[in-house]
Structure formats: structure tokens, C-alpha cells
Amino acid sequence: MAEVKASVICGVLAAFLCSAVLGFVEDLDETFKDTRENDVWLVDFYAPWCGYCKKLEPVWLEVGAELKSSGSPVRVGKMDATAYSGMASEFGVRGYPTIKVLKGDLAYSYKGPRTKDDIVEFANRVAGPAVRALPSKQMFEHMLKRHDVLFVYVGADSLLKEKYNDVAAELIVYTYFFSASEEALPESVSLSELPAVVVFKDGSHFTYDEYEDGSLSSWVNRERFQGYLQIDGFTLYELGDTGKLVAIAVIDEKDPTEQSGRLKTLMQRVAKEYREQFNRDFQFGHMDGNDYINSLIMGEVTVPTVIILNTSNEQYFLPGEPIESVEQLVQFISSVLNGSAQAYGGDGFMQRIKRVAFDARSTIMSVFRSSPLLGCFLFGLPLGVISLMCYGICTAESDDSLDEKREGFTDEEEEDEEEEEQLQAAELKGPEEEEDVGEKDLKEKKTD
């Protein structure tokens, strides 16, 4: 009896907790457009049939609970974009799921990993002010420890500050922006002139120069990553917005070798020691394994190796010989930069046809590997039906042609044809049958 009571109590508590978690995420309808203006909303636009949306659902409940428990002003909701397609279109929804922070008249799209921590961090960043103040050295040092890349405006009001505020409002979806007075800077930081926009990363700091670096927005977009990264598919997608070529050391971290370690070290050294020469045009990093690269280039690269990707036009570059030294790596990167290196791939017509065929083959192979019976059913059954249809069409055409030939004969021609068939049949008979026929003819003559 005690066990039954315990199970009932556990069930009630589970139901209560489930309902409480569900209460942190609001179901939105057509009234949302008129009632949202006074709040900051984090909204998941989904479709009931979408598999990715179903996968996101438990994460979304965790996001709602986390933001509620932390006291965040962000309200969390979800909207069926198929039921309210007009409203979804107004917010720029083009696929499912689409995650947006709606703040006044602005809508910020989330394109990062669909994990609780990443989504919560994005919501809190966008919900706050575009530029946050750092009033003291202690606060400055605290933020330096928390962020790998830190953009700071230093100085009084100026035209540069107005530009900085505009860029922060535009790029807040990617990174944080701060402002500070010169007194709040660490003692190790000395700026030659003020006002200035400075990025702190890789254990150093770099100042924006309008004449050398171009527009402030472009500079921030290029500098928002560390000089050297561990790269995966998602990071590579984000790097596409920077306009940089991506130099990657492809290694196997699960089975490290001396050559892999040396290649990774060479890439790190070039990223740091040759920053002034290559930082504007190249992003450096390493990738674990070659599966993603192989699918990207529709080929196969050995591990370890070096590859440079141009994400804007899907071209890639491979060294002509193994990279053994910093000098060789610098020479290879320089050849890509000056256009003398051999380029492969691209986004031309033939490459697009090749991509379609490659993706189709990959899909079929993955289906057969995961479920051979399902693969046979999905692809074997249609091929069998098509084969039967083709066979039926071909045989029907041959029968129709014979009928057409017969319909074209006159009565006399048909009689002649029958006589010819009889003669052919007689020729096929054996000599014994012919003798029997001759004896019958003699007997008939005698009786006559």
C-alpha cells in the first residue's frame, strides 16, 4: 500500500512539474501581433510535421524554464507558422524551425547551435542594450575573462561613437559590445589616440583604423572570431559571413599522431606570427576528422593535411606537397592569396550537377546503411514497377504492329499467305509422311 501511495505521489509531482515547465513557454496566436510591443519575446516558429521542430521542443522548454528562473525579462513563446502563416511571413519566417528575438520593431534571427545555453545567451544578449558600459577596471577585467573576443569603444561622444552604436545594433546577434572610459582600461593597455574602437582577443588588443580597415561594420565582422579556432560545420557556416578564406589543418584528434600535432602547431604559429600579413584575408583553425571536408569537396582528403576553403564560391586549395615547416605553409597561403595556386571545385554549372548527383548518392547510401530493407522497399519497388510498365508498353507495341500488318491485307493476299504457310508446314514434315501421301494418291487413282 505504501508503494502505491509513493507511486501516486511521484506521478502527481511529475505532472505538476511538467505543467509548470510548460507554463514557461506560451502558445501564441493571432492576438500576439497586437500585444507584443511592450515586451521582449523569444519565439520559436514551428511546423507540426517538422522533425527538427520536434527535436527542438524539449530544448525549448528548458530555455523557457532557464530564462524564467534567472529573472530574465525575455518572455518565451512558440507559434504554429502553418496555422498563422500570414503573421509568420511578416516576421520573415522562411523555414522551420525559425528562432527570433522580437524587440520593439526589430526582429533578430538566431542562427547558432540549438542548445539551451547558446539560445539563452543569445536571448539575454539581444534583449539588453546594444552597448553596455564598463564603469570600472574590476568590471573590465571581469568581462575580459568571460569573453574570448571583446569590442570596446573608448572615449567621449563623437562621430565614431555614433557609428559604433549603429554597428552594435546591427551585429549584436553575433557578439557583445561595450564602452569604457580611458581610466577603466587595464594598466597594460595604452592607446595612442582617442576616441578609439578596440578589440581584445588572443591575449592582445587591436585598434580599428578607418583608413586601413575600411568600414567599421566590416572590420567588426572580420574580427569577431579568435585568430585560431577549432572548426566544425556550424563554425564554417558562420565564417562564411566574414568573407575570409579558411585555412584548416585536418587532423584526427581521436588518434593523434606526431604529424597531426606538428601540423596543428604550424597553423597556430602562422595565425599568431603572421597576423599582420594574413589576418585580413584568412581565418585559421583545425578540424577533427575529414568527413565534413570530404562531403564539402565531393572527394577525399588524407589525414593529416592542410586545405584552404573559399566559402563564398565553394572553391578549395590543396598543397602540392606535404607541409613540413612554417615556411612551406606561409608559401602555400601566399600562393592562394596571389592567385598562383591551383583552385578546385567552384559553383559552376557542372559542379552544381555534380553536387546534385553526389547528394543523391549519399542519401541513398545512408538509407541502405541504416536500414537495408527500407532501402530496398523505397528504391527497389519503384524500379520494379517502372520495369513492368516499360515491358508492358514494349510488348503492346509489337502486338499492335502485327495487327496493323494483318489489317492491311486483302482477302486474296490472306489466302496466298495461308497457302504459303501450308507449303512451309509440308516442307517441315518428314519423308515418311510424304510416302504415305503418295500411296494414298495411287489408291485413289485405282479406285477411279
# chains A, B, ... in the order shown; residues from 1 in each chain; ligands from 1
call {"tool": "residues_around", "arguments": {"residues": "Phe284 (chain A)", "least_positions_apart": "3", "cutoff": "8 Å", "atoms": "only C-alpha atoms", "output": "NGL selection string"}}
result
:A and (227-229 or 246-248 or 267-268 or 271)
call {"tool": "residues_around", "arguments": {"residues": "Arg36 (chain A)", "least_positions_apart": "6", "cutoff": "10 Å", "atoms": "only C-alpha atoms", "output": "number ranges by chain"}}
result
A: 75, 102-104
call {"tool": "residues_around", "arguments": {"residues": "Ala130 (chain A)", "least_positions_apart": "2", "cutoff": "12 Å", "atoms": "only C-alpha atoms", "output": "count of residues only"}}
result
26
call {"tool": "residues_around", "arguments": {"residues": "Val198 (chain A)", "least_positions_apart": "5", "cutoff": "7 Å", "atoms": "only C-alpha atoms", "output": "PyMOL selection string"}}
result
chain A and resi 151-153+205-208
call {"tool": "residues_around", "arguments": {"residues": "region 320-322 of chain A", "least_positions_apart": "4", "cutoff": "12 Å", "atoms": "only C-alpha atoms", "output": "PyMOL selection string"}}
result
chain A and resi 249+259-260+262-263+302-307+326+328-329+331-333+335-336+341-343
call {"tool": "select_by_dssp", "arguments": {"residues": "region 289-375 of chain A", "states": "alpha helix (DSSP H)", "output": "PyMOL selection string"}}
result
chain A and resi 291-297+326-338+349-370+372-375
call {"tool": "closest_residue", "arguments": {"among": "A:Leu383, A:Val356, A:Leu42, A:Val25", "to": "Glu62 (chain A)", "atoms": "only C-alpha atoms"}}
result
A:Val25
call {"tool": "select_by_dssp", "arguments": {"residues": "region 147-360 of chain A", "states": "strand (DSSP E or B)", "output": "number ranges by chain"}}
result
A: 150-154, 177-180, 196-201, 204-207, 228-230, 245-251, 282-288, 305-310, 315-317, 344-345
call {"tool": "closest_residue", "arguments": {"among": "A:Pro113, A:Gly345, A:Pro186, A:Gly289", "to": "Ile308 (chain A)", "atoms": "only C-alpha atoms"}}
result
A:Gly345
call {"tool": "residues_around", "arguments": {"residues": "Thr311 (chain A)", "least_positions_apart": "2", "cutoff": "7 Å", "atoms": "only C-alpha atoms", "output": "VMD selection string"}}
result
chain A and resid 240 245 309 313 to 314
call {"tool": "write_last_selection", "arguments": {"atoms": "C-alpha atoms", "output": "PDB file, in the first residue's frame"}}
result
ATOM      1  CA  GLY A 240      31.120  32.477 -44.467  1.00  0.00           C
ATOM      2  CA  LEU A 245      39.286  32.258 -46.733  1.00  0.00           C
ATOM      3  CA  LEU A 309      38.340  26.854 -48.368  1.00  0.00           C
ATOM      4  CA  ASN A 313      32.241  30.272 -54.218  1.00  0.00           C
ATOM      5  CA  GLU A 314      32.929  26.726 -52.875  1.00  0.00           C
TER       6      GLU A 314
END
